[in-house]
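Visitor: What follows is a structure written as structure tokens; I'll ask about it next.
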Amino acid sequence: MDESWLNEFRKDPPADWAESLRVRLQETETPDISPDLSSRRPFRRLIPALAGIVLAVGIVSIPAVRASAVSFLALFRVVNFVAVPVDSGRLRALNDSHLDLERLIGDHVQVLVDSGPPRSMASTSEAEAVAGFQLKMPGWLPPDTRIIETAVIGERAAQVTADSKRLEEVLDTLGISDLRMPAGLDGHTVTVRVPPIVMVRFESGGRSPRRTRFFQAPSPEITMPAGVDSSVLGEIGLRVLGVPKDTARQFAAAMDWNTTLIVPIPPTAQSFRQVEIGGKPAVAISYQPPDESPTTMLLWSSGGRVFGMQSIQSYEQVIAMADSVR
Amino acid sequence: MTAAPDWDAVYRAELPRVYNFFRYRLGDVPEVEDLTSRTFEKAWRARDRYRSDIAGFATWLLSIARNVAIDHIRARRMHLPLELAVDVPSQSITPEDAMLQGSDAERLASLLATLPEREREVMALKYGAGMTNRAIARATGLTESNIGTILHRTVQTLRDRWERRE
């Protein structure tokens, strides 16, 4: 039976529009699910240094535990964020050193679960199904705001084996001679599990769209053998970040390293402050990438979940959006 | 080793399918280009997932288009300005009137506009996007025989109206 009449409504897309869309898509990259803190200007140059610092701190100190006769493994989960400004001299020393921090770290990392690249989702419902948890979303958004992208990066897990000698090379490079890695650290393994992360990108406005990226994930979990002096390791981590000697010692002794994640604040950040989001402690970082709008990055944790919000909306609006997340 | 897909070729092949899906789904409306763009922008970022399965990519692309269309229809319902009601003429032109007045394309568009949502979506996937019954079944969650039945009845209904005009 002739069905050609059913094709009467088909037509070719306008050529100039098709070409402009093609060009625009060519410029589209795989979704960038990482907050600007780790992937974009002005932080790009800090990646190796921060990776090294976070690892040096992370391997042995952030989730550090108190000795326990009954538990072999201790578990770290993020409850609090504490901002620590990174000393620019420290970064220069690391950048100028001959230490290949990524290689130094990579030699001792065994990837247990590889998430693969971030995956774009057709809807937040699809993201929930893929990530395996129900999304919490802002109850308030600036006028005319819509979702323009949703992406998920799958679960990742890795096992890191501590190597005191190499980590002490970092201390030596930074001229930290009064602290040494605790004895018996060598060979201990730390397992890091990062659950799936969901990123929802919002856009508001017309010709000059203002975009917000909202991240959420169950808290990362880090397990490591008990018996390590948490305050000593924490102190080493803080010193690596450039915190002065006395301050680092007091800070390390007072902090609960089982639940507190250190957020290194690069020197390029214009300001940072400790705030409250939904009654929970949060870190708000302000910075302005070259040729881009002033940006606010918020990090907080609530109900076992870690949230990040990065936006060029006004600071007050970003706080209001974050405060309305339910 | 699998050669990298020619994404330009994929784009050239898939753009008309998505574009015409929206035409059949929503009519000759100005939003068709915007909705097509939105669909590709969502899919393009994740295209590497389909490096070895271009057929899977095409089906996934249409599933995104379906969701984009659904969101658009919902938003259109929610945001239809009240003042538009003032401009509605008391003797508005019915789809049937439009069919009698216009070109074949306009006539078909008018007839498609009279279909229930489900039938219109299936017609858009079949004749706008050029999908097979099996692919439509996969995309919609209906059985292939169900799709066949819906298409048969819908085409028959449209044919009757189309021929009645002649």
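Residues are referred to by chain and number: the chain letter is A, B, ... according to the order shown in the structure tokens, the number counts from 1 in that chain, and ligands are numbered separately from 1 in the order shown.
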Only residues of chain A matter here; which ones have an atom within 10 Å of chain B, counting only C-alpha atoms? Give them as a PyMOL selection string.
Guide: chain A and resi 3-14+17-19+21-22+24-32+116-123+148-151
Visitor: Extract, using only C-alpha atoms, all DNA, RNA and protein residues at most 9 Å from Ala69 of chain B, discarding same-chain residues fewer than 6 positions from it, and format them as a list in words.
Guide: Phe22, Arg25, Leu26 and Leu35 of chain B
Visitor: Between atom CA of Arg273 of chain A and atom CA of Ser204 of chain A, what is the spacing in Å?
Guide: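 According to the coordinates, atom CA of Ser204 of chain A and atom CA of Arg273 of chain A are separated by 26.0 Å.
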Visitor: Atom CA of Val263 of chain A to atom CA of Leu238 of chain A: how many Å, to one decimal?
Guide: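 Spanning atom CA of Val263 of chain A to atom CA of Leu238 of chain A is a straight-line distance of 10.7 Å.
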Visitor: Excluding Val122 of chain B and any residue of its chain fewer than 3 positions from it, enumerate the residues within 8 Å of it, using only C-alpha atoms, and give them as a VMD selection string.
Guide: chain B and resid 118 to 119 125 to 126 136 147 150 to 151
Visitor: Could you save the residues just selected, with C-alpha atoms, as a compact mmCIF listing (two decimals), in the first residue's frame?
Guide:
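File produced: out_10.txt:
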```txt
# COMPACT_ATOMS: atom_id res chain seq x y z
CA ARG B 118 0.39 8.32 21.93
CA GLU B 119 -0.65 7.82 18.32
CA LEU B 125 8.88 8.05 15.36
CA LYS B 126 7.80 6.05 12.32
CA ILE B 136 9.87 2.13 18.26
CA ILE B 147 3.15 -0.72 17.62
CA ILE B 150 -1.39 1.39 16.50
CA LEU B 151 0.26 2.32 13.22
```
Visitor: Report, in Å with one decimal, the straight-line distance from atom CA of Thr191 of chain A to atom CA of Pro264 of chain A.
Guide: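 Between atom CA of Thr191 of chain A and atom CA of Pro264 of chain A the gap is 21.6 Å.
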Visitor: Between A:Ser20, A:Ser177, A:Thr260, A:Gln313, which residue has the minimum interatomic distance to Leu141 of chain A, considering only C-alpha atoms?
Guide: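 Among A:Ser20, A:Ser177, A:Thr260, A:Gln313, it is A:Gln313 that comes nearest to Leu141 of chain A.
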Visitor: Step one, run DSSP on the backbone; step two, keep only residues of segment 134-203 of chain A assigned to alpha helix (DSSP H); then write them as a list in words.
Guide: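 Written out, the alpha helix (DSSP H) residues of segment 134-203 of chain A are Ser164, Lys165, Arg166, Leu167, Glu168, Glu169, Val170, Leu171, Asp172 and Thr173 of chain A.
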Visitor: Point out the residue among A:Gly205, A:Pro294, A:Pro196, A:Pro218 with the least atom-to-atom distance to Val152 of chain A, counting only C-alpha atoms.
Guide: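 The answer is A:Pro196, which sits nearest to Val152 of chain A.
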Visitor: List the spatial neighbours of segment 156-171 of chain A as an NGL selection string - criterion: any atom at most 7 Å away, only C-alpha atoms, same-chain residues fewer than 3 positions off excluded.
Guide: :A and (56 or 59 or 108-115 or 174-176 or 180-181 or 185-195)
Visitor: Would you mind exporting the chosen residues as an mmCIF file, in the first residue's frame, restricted to C-alpha atoms?
Guide:
```cif
data_model
loop_
_atom_site.group_PDB
_atom_site.id
_atom_site.type_symbol
_atom_site.label_atom_id
_atom_site.label_comp_id
_atom_site.auth_asym_id
_atom_site.auth_seq_id
_atom_site.Cartn_x
_atom_site.Cartn_y
_atom_site.Cartn_z
ATOM 1 C CA ALA A 56 49.967 13.139 50.815
ATOM 2 C CA ILE A 59 46.784 8.668 52.102
ATOM 3 C CA HIS A 108 51.089 3.128 44.438
ATOM 4 C CA VAL A 109 47.514 3.282 43.286
ATOM 5 C CA GLN A 110 45.593 0.250 42.197
ATOM 6 C CA VAL A 111 42.306 1.090 40.544
ATOM 7 C CA LEU A 112 39.617 -1.266 41.793
ATOM 8 C CA VAL A 113 36.617 0.242 40.031
ATOM 9 C CA ASP A 114 36.967 2.503 37.013
ATOM 10 C CA SER A 115 33.918 4.651 36.352
ATOM 11 C CA LEU A 174 59.115 21.623 50.998
ATOM 12 C CA GLY A 175 61.816 22.085 53.616
ATOM 13 C CA ILE A 176 59.773 20.465 56.388
ATOM 14 C CA ARG A 180 58.670 12.575 59.914
ATOM 15 C CA MET A 181 56.225 9.946 58.773
ATOM 16 C CA LEU A 185 53.317 3.192 57.859
ATOM 17 C CA ASP A 186 54.944 1.498 54.895
ATOM 18 C CA GLY A 187 52.846 -1.040 53.103
ATOM 19 C CA HIS A 188 49.581 -0.034 54.748
ATOM 20 C CA THR A 189 46.772 0.178 52.261
ATOM 21 C CA VAL A 190 44.004 2.701 52.150
ATOM 22 C CA THR A 191 40.876 1.973 50.164
ATOM 23 C CA VAL A 192 39.053 4.952 48.732
ATOM 24 C CA ARG A 193 35.550 4.515 47.394
ATOM 25 C CA VAL A 194 33.821 7.417 45.699
ATOM 26 C CA PRO A 195 30.130 6.678 44.990
#
```
Visitor: So that I can see what lies close to Ser311 of chain A, please list as a ChimeraX atom specification the residues with an atom at most 6 Å from it, counting only C-alpha atoms and leaving out residues fewer than 3 positions away in the same chain.
Guide: /A:211-212,295-296
